[in-house]
Amino acid sequence: MPYPTDRKYTREHEWIQSSGTTATIGITVHAQESLGDIVFVELPKVGAELTVGKTFGTVESVKAVSDLYAPASGTVTETNCDLATSPEKVNKDAHGSWMLKITLKNASELDALLSAADYEKFVAEEGGH
Amino acid sequence: MSSVEATPAGATVVRKTALNAVHRQMGAKMVDFNGWDMPVEYPASIGCGIINEHMAVRTGVGIFDVSHMGDIRLAGLEALAAVQHISMNDASRLAVGQAQYSALLYPQGTFVDDVIVHRLGEDEYLLVINAGTREKDFNWVRDNTRKFDCAVENLSDDFTQIAIQGPKAVDVLQKITTSDLSAVKFYWVTRGTIALHYKSMRRFLENTLIARTGYTAEDGFEIYVPSDEATSAWVWNRILEVGKEFGIVPCGLGARNTLRLEGALSLYGHEISDTINVWEAGLNRFCKMEKPEFVGRDALEKEKAAGLKRTLVGLEMTGRGIARDEYKVLDGGGREIGYVTSGSPAPFLKKNIAIAYVLPEFSAVGMVVKVEIRGQGVDAQVVPTPFYKRPKK
């Protein structure tokens with residue numbers, strides 16, 4: 001499974017794509033695959049503060065409830081409202097269906113995250129499914 | 001993201017059905033279900049996933065491996081008396097070839113398990129029981145029928161049980177059996193030949209048990225074939241092949257759960273358990289108090305007089321949120337009045353629904369309550385059950 005190299009990944013299966021002090025956040029193809037049909041996405045409001053490693057929202061499939069973890073600290077500037085009515089878009093295009101845009105508090109937090117190649121290796125080692 | 005899937009703690013040795021390799025080959029997502037390694041859903045790449053599998057059963061046909069279910073055979077001169085003693089429904093009403101839903105109860109009127117009782121012969125009954133309670137059920141049945149002239153056998157490992165479910169299930173199964181399925185009514189069983197073809201090879205499974213039963217709130221059949229891997233795979237693949245023209249899809253336990261939930265069918269460990277009695281579970285119509293005796297009857301008599309402390313209701317979420325198993329049910333003021341036993345999005349109804357135990361004063365249809373979701377009370381309403389009823393033909 002090719003993961004885009006223009007972004008970083010967490011071990012909790014989020015991706016984050018940054019440009020200067022702004023960043024876009026979503027969940028990975030692997031995450032949507034293990035969840036199955038996604039039916040509900042709950043995101044924070046614009047202005048909310050994210051703390052790296054803490055939960056910022058919820059994604060639910062028919063079968064499972066999963067917390068979303070912040071890949072970095074920052075302030076929410078935009079949320080993808082489309083996902084409130086069409087959460088299945090995450091299944092169809094996980095790497096294109098962003099969830100949040102944030103202003104990064106400390107861009108160097110991203111250095112601790114996984115590269116595409118490392119994430120791919122992590123997924124292969126973690127599951128086998 | 002971290003996944004919190006609702007799977008119970010696994011047994012040390014994971015058990016597999018004879019179709020395990022077939023499921024894996026098809027790319028199914030496997031989960032530990034009560035100690036069994038079972039498919040929860042098949043991949044989107046072959047048109048599956050819980051929602052597609054669910055919709056296929058409501059509008060066409062789906063096939064399920066339900067071999068993890070257990071089977072207990074009671075046979076002998078006093079088989080009927082034995083079944084009458086351990087089962088709350090009235091087996092004396094069954095003609096040969098007929099089946100009924102029932103439950104095995106503890107002396108206190110709570111559930112050992114729910115079962116389907118099939119009358120296979122004059123003095124022969126087959127109880128189909130749940131996977132997670134196989135050993136417990138068998139021991140309980142054996143121990144409670146010792147005084148009867150009746151042999152009790154655990155046939156759980158002898159069968160691969162395949163469910164073919166949906167309005168087109170009859171068309172699919174008819175293609176591989178000589179039995180006239182139109183003559184088999186819902187909750188009746190027959191024995192017939194299943195014809196298997198593969199290239200130039202032919203094989204006939206004679207005397208196969210074919211029951212018009214299921215757990216999907218849809219028309220359908222459950223067939224019981226020999227549990228060796230080769231035969232099991234052959235039957236499974238043959239059904240998929242002849243079902244192709246009807247749009248058949250393989251279905252996992254995920255769809256099995258959402259289908260039964262729309263039909264408000266009970267699941268052991270959720271709506272029924274060893275701490276819940278028959279009246280609370282609302283299974284009154286399957287409990288024949290006019291029978292002079294069965295295990296649990298005396299306690300149920302007393303419970304009836306004492307009145308209900310909680311009752312099962314259907315909920316539909318009117319606010320934005322999905323009720324899940326074990327979430328709290330609250331009244332308008334935030335007071336806890338019950339809990340969700342099963343909750344999920346309902347793929348066919350396109351609503352978020354739940355079954356919950358609530359205090360009896362909140363059980364009237366139309367009552368507005370709340371379900372606590374991540375600390376917030378989300379609006380819900382008591383609605384009639386079943387949520388889904390299949391259209392009459």
# chains A, B, ... in the order shown; residues from 1 in each chain; ligands from 1
>>> closest_atom_pairs(of="chain A", to="chain B", cutoff="7 Å", atoms="only C-alpha atoms", output="CSV")
residue,atom,partner,partner_atom,distance
A:Glu12,CA,B:Met1,CA,4.3
A:His13,CA,B:Met1,CA,5.4
A:Glu14,CA,B:Met1,CA,6.3
A:Gly36,CA,B:Gly49,CA,6.5
A:Asp37,CA,B:Gly49,CA,6.6
A:Val62,CA,B:Pro345,CA,5.9
A:Lys63,CA,B:Gly254,CA,6.7
A:Ala64,CA,B:Glu5,CA,5.1
A:Val65,CA,B:Val4,CA,5.8
A:Ser66,CA,B:Ser3,CA,4.7
A:Asp67,CA,B:Met1,CA,5.2
A:Leu68,CA,B:Met1,CA,4.4
A:Tyr69,CA,B:Met1,CA,5.5
A:His129,CA,B:Lys29,CA,6.9
>>> write_last_selection(atoms="N, CA and C atoms", output="short mmCIF file (atom, residue, chain, number, x, y, z; two decimals), in the first residue's frame")
data_model
loop_
_atom_site.label_atom_id
_atom_site.label_comp_id
_atom_site.auth_asym_id
_atom_site.auth_seq_id
_atom_site.Cartn_x
_atom_site.Cartn_y
_atom_site.Cartn_z
N GLU A 12 -1.07 5.84 15.90
CA GLU A 12 -2.53 5.71 16.09
C GLU A 12 -3.26 5.88 14.76
N HIS A 13 -2.49 5.93 13.67
CA HIS A 13 -3.05 5.92 12.31
C HIS A 13 -3.69 7.22 11.84
N GLU A 14 -3.15 8.36 12.33
CA GLU A 14 -3.50 9.64 11.71
C GLU A 14 -2.36 10.05 10.78
N GLY A 36 -13.75 -0.31 8.78
CA GLY A 36 -14.89 -0.69 7.94
C GLY A 36 -15.74 0.54 7.64
N ASP A 37 -17.00 0.31 7.25
CA ASP A 37 -17.88 1.40 6.82
C ASP A 37 -18.00 2.50 7.86
N VAL A 62 -19.77 1.14 11.47
CA VAL A 62 -20.95 0.42 11.92
C VAL A 62 -20.63 -0.34 13.21
N LYS A 63 -19.42 -0.90 13.24
CA LYS A 63 -19.06 -1.84 14.31
C LYS A 63 -18.26 -1.21 15.45
N ALA A 64 -17.45 -0.18 15.15
CA ALA A 64 -16.46 0.24 16.13
C ALA A 64 -16.47 1.75 16.39
N VAL A 65 -16.03 2.11 17.60
CA VAL A 65 -15.86 3.51 17.98
C VAL A 65 -14.36 3.74 18.19
N SER A 66 -13.81 4.75 17.54
CA SER A 66 -12.38 5.01 17.70
C SER A 66 -12.13 6.46 18.03
N ASP A 67 -11.19 6.67 18.95
CA ASP A 67 -10.77 8.03 19.26
C ASP A 67 -9.76 8.50 18.24
N LEU A 68 -9.75 9.81 18.01
CA LEU A 68 -8.75 10.42 17.14
C LEU A 68 -7.73 11.11 18.03
N TYR A 69 -6.45 10.91 17.75
CA TYR A 69 -5.38 11.49 18.57
C TYR A 69 -4.63 12.57 17.79
N HIS A 129 -3.37 -8.02 9.02
CA HIS A 129 -4.69 -8.07 8.41
C HIS A 129 -4.93 -6.98 7.39
#
>>> closest_residue(among="A:Leu100, A:Ala117, A:Ala70, A:Val123", to="Ser34 of chain A", atoms="only C-alpha atoms")
A:Val123
>>> residues_around(residues="Ala94 of chain A", least_positions_apart="3", cutoff="9 Å", atoms="only C-alpha atoms", output="ChimeraX atom specification")
/A:26-32,89-91,97-98
>>> residues_around(residues="Glu122 of chain B", least_positions_apart="3", cutoff="10 Å", atoms="only C-alpha atoms", output="NGL selection string")
:B and (75-77 or 79-80 or 95-97 or 119 or 125)
>>> residues_around(residues="segment 274-281 of chain B", least_positions_apart="2", cutoff="7 Å", atoms="only C-alpha atoms", output="ChimeraX atom specification")
/B:109-112,271-272,283-284,308,310-312
>>> write_last_selection(atoms="N, CA and C atoms", output="PDB file, in the first residue's frame")
ATOM      1  N   GLY B 109     -35.395 -18.502  36.834  1.00  0.00           N
ATOM      2  CA  GLY B 109     -36.135 -17.888  35.723  1.00  0.00           C
ATOM      3  C   GLY B 109     -35.288 -17.029  34.799  1.00  0.00           C
ATOM      4  N   THR B 110     -33.953 -17.092  34.989  1.00  0.00           N
ATOM      5  CA  THR B 110     -33.043 -16.363  34.104  1.00  0.00           C
ATOM      6  C   THR B 110     -32.482 -17.321  33.051  1.00  0.00           C
ATOM      7  N   PHE B 111     -31.716 -16.774  32.097  1.00  0.00           N
ATOM      8  CA  PHE B 111     -31.388 -17.554  30.906  1.00  0.00           C
ATOM      9  C   PHE B 111     -30.080 -18.346  30.992  1.00  0.00           C
ATOM     10  N   VAL B 112     -30.182 -19.652  30.687  1.00  0.00           N
ATOM     11  CA  VAL B 112     -28.988 -20.440  30.384  1.00  0.00           C
ATOM     12  C   VAL B 112     -28.592 -20.086  28.955  1.00  0.00           C
ATOM     13  N   GLU B 271     -29.263  -8.890  25.456  1.00  0.00           N
ATOM     14  CA  GLU B 271     -30.659  -8.758  25.898  1.00  0.00           C
ATOM     15  C   GLU B 271     -31.031  -9.843  26.903  1.00  0.00           C
ATOM     16  N   ILE B 272     -30.382 -10.991  26.808  1.00  0.00           N
ATOM     17  CA  ILE B 272     -30.681 -12.089  27.737  1.00  0.00           C
ATOM     18  C   ILE B 272     -29.377 -12.581  28.375  1.00  0.00           C
ATOM     19  N   LEU B 283     -39.913 -11.920  26.415  1.00  0.00           N
ATOM     20  CA  LEU B 283     -40.085 -13.120  25.594  1.00  0.00           C
ATOM     21  C   LEU B 283     -41.294 -13.947  26.052  1.00  0.00           C
ATOM     22  N   ASN B 284     -42.270 -13.265  26.602  1.00  0.00           N
ATOM     23  CA  ASN B 284     -43.469 -13.907  27.164  1.00  0.00           C
ATOM     24  C   ASN B 284     -44.135 -14.896  26.214  1.00  0.00           C
ATOM     25  N   LEU B 308     -42.488  -6.028  37.180  1.00  0.00           N
ATOM     26  CA  LEU B 308     -41.220  -5.782  36.493  1.00  0.00           C
ATOM     27  C   LEU B 308     -40.406  -4.687  37.175  1.00  0.00           C
ATOM     28  N   ARG B 310     -37.489  -3.733  35.482  1.00  0.00           N
ATOM     29  CA  ARG B 310     -36.926  -3.099  34.278  1.00  0.00           C
ATOM     30  C   ARG B 310     -37.525  -3.814  33.078  1.00  0.00           C
ATOM     31  N   THR B 311     -37.511  -3.154  31.954  1.00  0.00           N
ATOM     32  CA  THR B 311     -38.087  -3.783  30.772  1.00  0.00           C
ATOM     33  C   THR B 311     -37.324  -3.353  29.524  1.00  0.00           C
ATOM     34  N   LEU B 312     -37.360  -4.236  28.534  1.00  0.00           N
ATOM     35  CA  LEU B 312     -36.608  -4.011  27.308  1.00  0.00           C
ATOM     36  C   LEU B 312     -37.415  -3.116  26.369  1.00  0.00           C
TER      37      LEU B 312
END
>>> atom_distance(atom1="atom CA of Asp32 of chain B", atom2="atom CA of Tyr268 of chain B")
16.2 Å
>>> select_by_dssp(residues="chain A", states="alpha helix (DSSP H)", output="ChimeraX atom specification")
/A:29-35,82-85,89-92,116-126
>>> write_last_selection(atoms="C-alpha atoms", output="tab-separated table (two decimals), in the first residue's frame")
chain	number	residue	atom	x	y	z
A	29	VAL	CA	-6.07	4.14	4.47
A	30	HIS	CA	-5.12	1.43	6.94
A	31	ALA	CA	-7.29	3.07	9.62
A	32	GLN	CA	-10.36	3.22	7.41
A	33	GLU	CA	-9.79	-0.38	6.32
A	34	SER	CA	-9.66	-1.70	9.85
A	35	LEU	CA	-12.70	0.37	10.86
A	82	ASP	CA	-18.52	17.53	4.46
A	83	LEU	CA	-17.73	14.58	6.72
A	84	ALA	CA	-20.73	15.32	8.95
A	85	THR	CA	-23.10	14.40	6.11
A	89	LYS	CA	-15.82	9.72	1.97
A	90	VAL	CA	-13.10	8.69	4.42
A	91	ASN	CA	-13.50	5.08	3.20
A	92	LYS	CA	-13.31	6.13	-0.43
A	116	ALA	CA	5.59	7.04	5.00
A	117	ALA	CA	8.07	4.15	4.76
A	118	ASP	CA	8.28	3.73	8.54
A	119	TYR	CA	4.50	3.86	8.88
A	120	GLU	CA	4.08	1.24	6.20
A	121	LYS	CA	6.54	-0.99	8.04
A	122	PHE	CA	4.72	-0.32	11.33
A	123	VAL	CA	1.37	-1.33	9.82
A	124	ALA	CA	2.85	-4.51	8.35
A	125	GLU	CA	4.36	-5.48	11.71
A	126	GLU	CA	1.30	-4.52	13.74
>>> residues_around(residues="Ser115 of chain A", least_positions_apart="3", cutoff="12 Å", atoms="only C-alpha atoms", output="list in words")
Pro2, Tyr3, Pro4, Thr5, Asp6, Arg7, Lys8, Tyr9, Thr10, Arg11, Glu14, Trp15, Ile16, Gln17, Leu110, Asp111, Ala112, Asp118, Tyr119, Glu120, Lys121 and Phe122 of chain A
>>> residues_around(residues="Thr22 of chain A", least_positions_apart="5", cutoff="7 Å", atoms="only C-alpha atoms", output="PyMOL selection string")
chain A and resi 102-104
>>> closest_residue(among="B:Glu135, B:Glu78, B:Asp180, B:Asp123", to="Phe148 of chain B", atoms="only C-alpha atoms")
B:Glu78
>>> atom_distance(atom1="atom CA of His197 of chain B", atom2="atom CA of Asp37 of chain B")
28.8 Å
>>> select_by_dssp(residues="chain A", states="strand (DSSP E)", output="ChimeraX atom specification")
/A:8-9,14-19,22-27,38-42,49-50,55-61,65-69,74-79,100-104
>>> write_last_selection(atoms="C-alpha atoms", output="short mmCIF file (atom, residue, chain, number, x, y, z; two decimals), in the first residue's frame")
data_model
loop_
_atom_site.label_atom_id
_atom_site.label_comp_id
_atom_site.auth_asym_id
_atom_site.auth_seq_id
_atom_site.Cartn_x
_atom_site.Cartn_y
_atom_site.Cartn_z
CA LYS A 8 3.92 12.24 8.50
CA TYR A 9 2.07 9.47 10.34
CA GLU A 14 -3.50 9.64 11.71
CA TRP A 15 -1.65 11.54 9.01
CA ILE A 16 -0.54 15.19 9.16
CA GLN A 17 0.63 17.29 6.26
CA SER A 18 2.32 20.55 7.17
CA SER A 19 3.34 23.67 5.34
CA THR A 22 -0.21 25.28 9.23
CA ALA A 23 -1.12 21.62 8.94
CA THR A 24 -3.90 19.34 7.72
CA ILE A 25 -4.93 16.18 9.61
CA GLY A 26 -6.76 13.01 8.62
CA ILE A 27 -6.71 9.23 9.14
CA ILE A 38 -17.50 4.79 8.50
CA VAL A 39 -20.82 6.32 9.52
CA PHE A 40 -19.95 9.11 11.97
CA VAL A 41 -17.16 11.64 12.41
CA GLU A 42 -17.13 14.00 15.39
CA GLU A 49 -6.88 23.68 21.09
CA LEU A 50 -5.24 20.34 20.29
CA THR A 55 -7.86 12.83 21.76
CA PHE A 56 -9.52 15.49 19.62
CA GLY A 57 -12.50 13.65 18.15
CA THR A 58 -14.19 10.38 17.33
CA VAL A 59 -14.74 8.31 14.24
CA GLU A 60 -17.30 5.51 14.23
CA SER A 61 -17.91 2.68 11.81
CA VAL A 65 -15.86 3.51 17.98
CA SER A 66 -12.38 5.01 17.70
CA ASP A 67 -10.77 8.03 19.26
CA LEU A 68 -8.75 10.42 17.14
CA TYR A 69 -5.38 11.49 18.57
CA GLY A 74 -2.21 23.59 17.72
CA THR A 75 -5.38 25.58 17.16
CA VAL A 76 -8.18 24.39 14.86
CA THR A 77 -8.73 26.84 11.99
CA GLU A 78 -11.07 24.77 9.82
CA THR A 79 -12.97 21.48 9.95
CA LEU A 100 -8.94 19.38 10.42
CA LYS A 101 -6.69 22.26 9.51
CA ILE A 102 -4.68 23.67 12.39
CA THR A 103 -2.08 26.29 13.19
CA LEU A 104 0.89 24.44 14.65
#
>>> atom_distance(atom1="atom CA of Ala323 of chain B", atom2="atom CA of Thr51 of chain A")
27.5 Å
>>> decode(residues="segment 234-364 of chain B", atoms="C-alpha atoms", output="CSV table (one decimal), in the first residue's frame")
chain,number,residue,atom,x,y,z
B,234,TRP,CA,-17.4,-27.3,-1.6
B,235,VAL,CA,-20.8,-26.5,-0.3
B,236,TRP,CA,-19.9,-22.9,0.5
B,237,ASN,CA,-18.3,-22.3,-2.9
B,238,ARG,CA,-21.1,-24.0,-4.8
B,239,ILE,CA,-23.7,-21.8,-3.1
B,240,LEU,CA,-21.7,-18.7,-4.0
B,241,GLU,CA,-21.5,-20.0,-7.6
B,242,VAL,CA,-25.2,-20.7,-8.1
B,243,GLY,CA,-26.1,-17.6,-6.1
B,244,LYS,CA,-24.1,-15.3,-8.4
B,245,GLU,CA,-27.0,-14.6,-10.7
B,246,PHE,CA,-29.0,-13.4,-7.6
B,247,GLY,CA,-26.2,-11.2,-6.4
B,248,ILE,CA,-25.2,-13.3,-3.4
B,249,VAL,CA,-22.5,-12.0,-1.1
B,250,PRO,CA,-20.7,-13.6,1.8
B,251,CYS,CA,-21.7,-12.0,5.1
B,252,GLY,CA,-19.8,-11.9,8.4
B,253,LEU,CA,-20.8,-11.5,12.0
B,254,GLY,CA,-21.0,-7.7,11.7
B,255,ALA,CA,-24.0,-7.9,9.3
B,256,ARG,CA,-25.4,-10.8,11.3
B,257,ASN,CA,-25.5,-8.5,14.3
B,258,THR,CA,-27.0,-5.4,12.5
B,259,LEU,CA,-29.6,-7.6,10.8
B,260,ARG,CA,-30.8,-9.2,14.0
B,261,LEU,CA,-30.8,-5.9,15.8
B,262,GLU,CA,-33.1,-4.4,13.2
B,263,GLY,CA,-35.4,-7.4,13.8
B,264,ALA,CA,-35.0,-6.8,17.6
B,265,LEU,CA,-33.9,-10.5,18.0
B,266,SER,CA,-32.2,-11.2,21.4
B,267,LEU,CA,-28.5,-11.9,21.7
B,268,TYR,CA,-27.2,-13.9,24.6
B,269,GLY,CA,-25.0,-11.7,26.9
B,270,HIS,CA,-26.9,-8.6,25.7
B,271,GLU,CA,-30.7,-8.8,25.9
B,272,ILE,CA,-30.7,-12.1,27.7
B,273,SER,CA,-28.3,-13.5,30.3
B,274,ASP,CA,-28.1,-15.4,33.6
B,275,THR,CA,-29.2,-12.3,35.5
B,276,ILE,CA,-32.2,-11.3,33.3
B,277,ASN,CA,-35.5,-13.1,33.5
B,278,VAL,CA,-38.0,-13.9,30.8
B,279,TRP,CA,-40.5,-11.2,31.6
B,280,GLU,CA,-37.8,-8.5,31.6
B,281,ALA,CA,-36.6,-9.7,28.2
B,282,GLY,CA,-40.1,-9.6,26.9
B,283,LEU,CA,-40.1,-13.1,25.6
B,284,ASN,CA,-43.5,-13.9,27.2
B,285,ARG,CA,-45.0,-15.3,24.0
B,286,PHE,CA,-42.3,-18.1,23.9
B,287,CYS,CA,-42.8,-19.0,27.5
B,288,LYS,CA,-45.7,-21.3,28.1
B,289,MET,CA,-46.8,-20.9,31.7
B,290,GLU,CA,-49.8,-23.3,31.0
B,291,LYS,CA,-47.2,-26.1,31.0
B,292,PRO,CA,-47.4,-27.7,34.5
B,293,GLU,CA,-43.7,-27.8,34.9
B,294,PHE,CA,-40.3,-26.7,33.5
B,295,VAL,CA,-37.1,-25.5,35.1
B,296,GLY,CA,-37.6,-21.8,36.1
B,297,ARG,CA,-41.4,-21.9,36.0
B,298,ASP,CA,-41.9,-21.4,39.8
B,299,ALA,CA,-39.6,-18.5,39.9
B,300,LEU,CA,-41.3,-16.9,36.9
B,301,GLU,CA,-44.6,-17.3,38.6
B,302,LYS,CA,-43.3,-15.3,41.6
B,303,GLU,CA,-41.6,-12.7,39.4
B,304,LYS,CA,-44.8,-12.1,37.6
B,305,ALA,CA,-46.6,-11.4,40.8
B,306,ALA,CA,-43.8,-9.1,42.0
B,307,GLY,CA,-43.9,-7.0,38.8
B,308,LEU,CA,-41.2,-5.8,36.5
B,309,LYS,CA,-38.2,-3.9,37.8
B,310,ARG,CA,-36.9,-3.1,34.3
B,311,THR,CA,-38.1,-3.8,30.8
B,312,LEU,CA,-36.6,-4.0,27.3
B,313,VAL,CA,-37.4,-1.2,24.9
B,314,GLY,CA,-36.5,-0.2,21.4
B,315,LEU,CA,-34.8,3.3,21.0
B,316,GLU,CA,-34.3,5.4,18.0
B,317,MET,CA,-31.7,8.2,18.3
B,318,THR,CA,-33.3,11.5,17.5
B,319,GLY,CA,-30.2,13.5,18.3
B,320,ARG,CA,-26.9,13.2,16.6
B,321,GLY,CA,-25.0,10.2,17.9
B,322,ILE,CA,-24.8,6.4,17.9
B,323,ALA,CA,-25.9,4.4,21.0
B,324,ARG,CA,-23.6,1.5,21.7
B,325,ASP,CA,-23.7,-1.5,24.0
B,326,GLU,CA,-23.5,-0.6,27.7
B,327,TYR,CA,-24.1,3.1,27.2
B,328,LYS,CA,-26.3,4.6,30.0
B,329,VAL,CA,-29.9,5.7,29.4
B,330,LEU,CA,-30.9,8.9,31.2
B,331,ASP,CA,-34.2,10.7,31.8
B,332,GLY,CA,-34.6,14.3,30.9
B,333,GLY,CA,-33.0,15.4,34.1
B,334,GLY,CA,-29.9,13.3,33.6
B,335,ARG,CA,-30.9,10.6,36.1
B,336,GLU,CA,-29.7,7.1,35.1
B,337,ILE,CA,-32.8,5.0,34.2
B,338,GLY,CA,-31.2,2.1,32.3
B,339,TYR,CA,-28.6,0.9,29.9
B,340,VAL,CA,-28.2,-0.1,26.2
B,341,THR,CA,-27.9,-3.8,25.6
B,342,SER,CA,-27.3,-3.5,21.8
B,343,GLY,CA,-26.8,-0.3,19.8
B,344,SER,CA,-25.7,0.4,16.3
B,345,PRO,CA,-26.4,2.2,13.1
B,346,ALA,CA,-29.2,0.3,11.2
B,347,PRO,CA,-28.0,0.1,7.6
B,348,PHE,CA,-31.4,-0.7,6.0
B,349,LEU,CA,-33.4,1.7,8.2
B,350,LYS,CA,-30.7,4.3,8.0
B,351,LYS,CA,-31.3,5.3,11.6
B,352,ASN,CA,-29.3,4.8,14.8
B,353,ILE,CA,-31.1,2.3,16.9
B,354,ALA,CA,-30.7,0.5,20.2
B,355,ILE,CA,-32.3,-2.0,22.5
B,356,ALA,CA,-32.1,-1.0,26.2
B,357,TYR,CA,-33.3,-1.9,29.6
B,358,VAL,CA,-35.2,0.9,31.3
B,359,LEU,CA,-37.3,1.4,34.3
B,360,PRO,CA,-40.9,0.4,33.4
B,361,GLU,CA,-42.3,3.9,33.8
B,362,PHE,CA,-40.1,5.0,30.8
B,363,SER,CA,-41.1,2.1,28.5
B,364,ALA,CA,-44.1,3.6,26.7
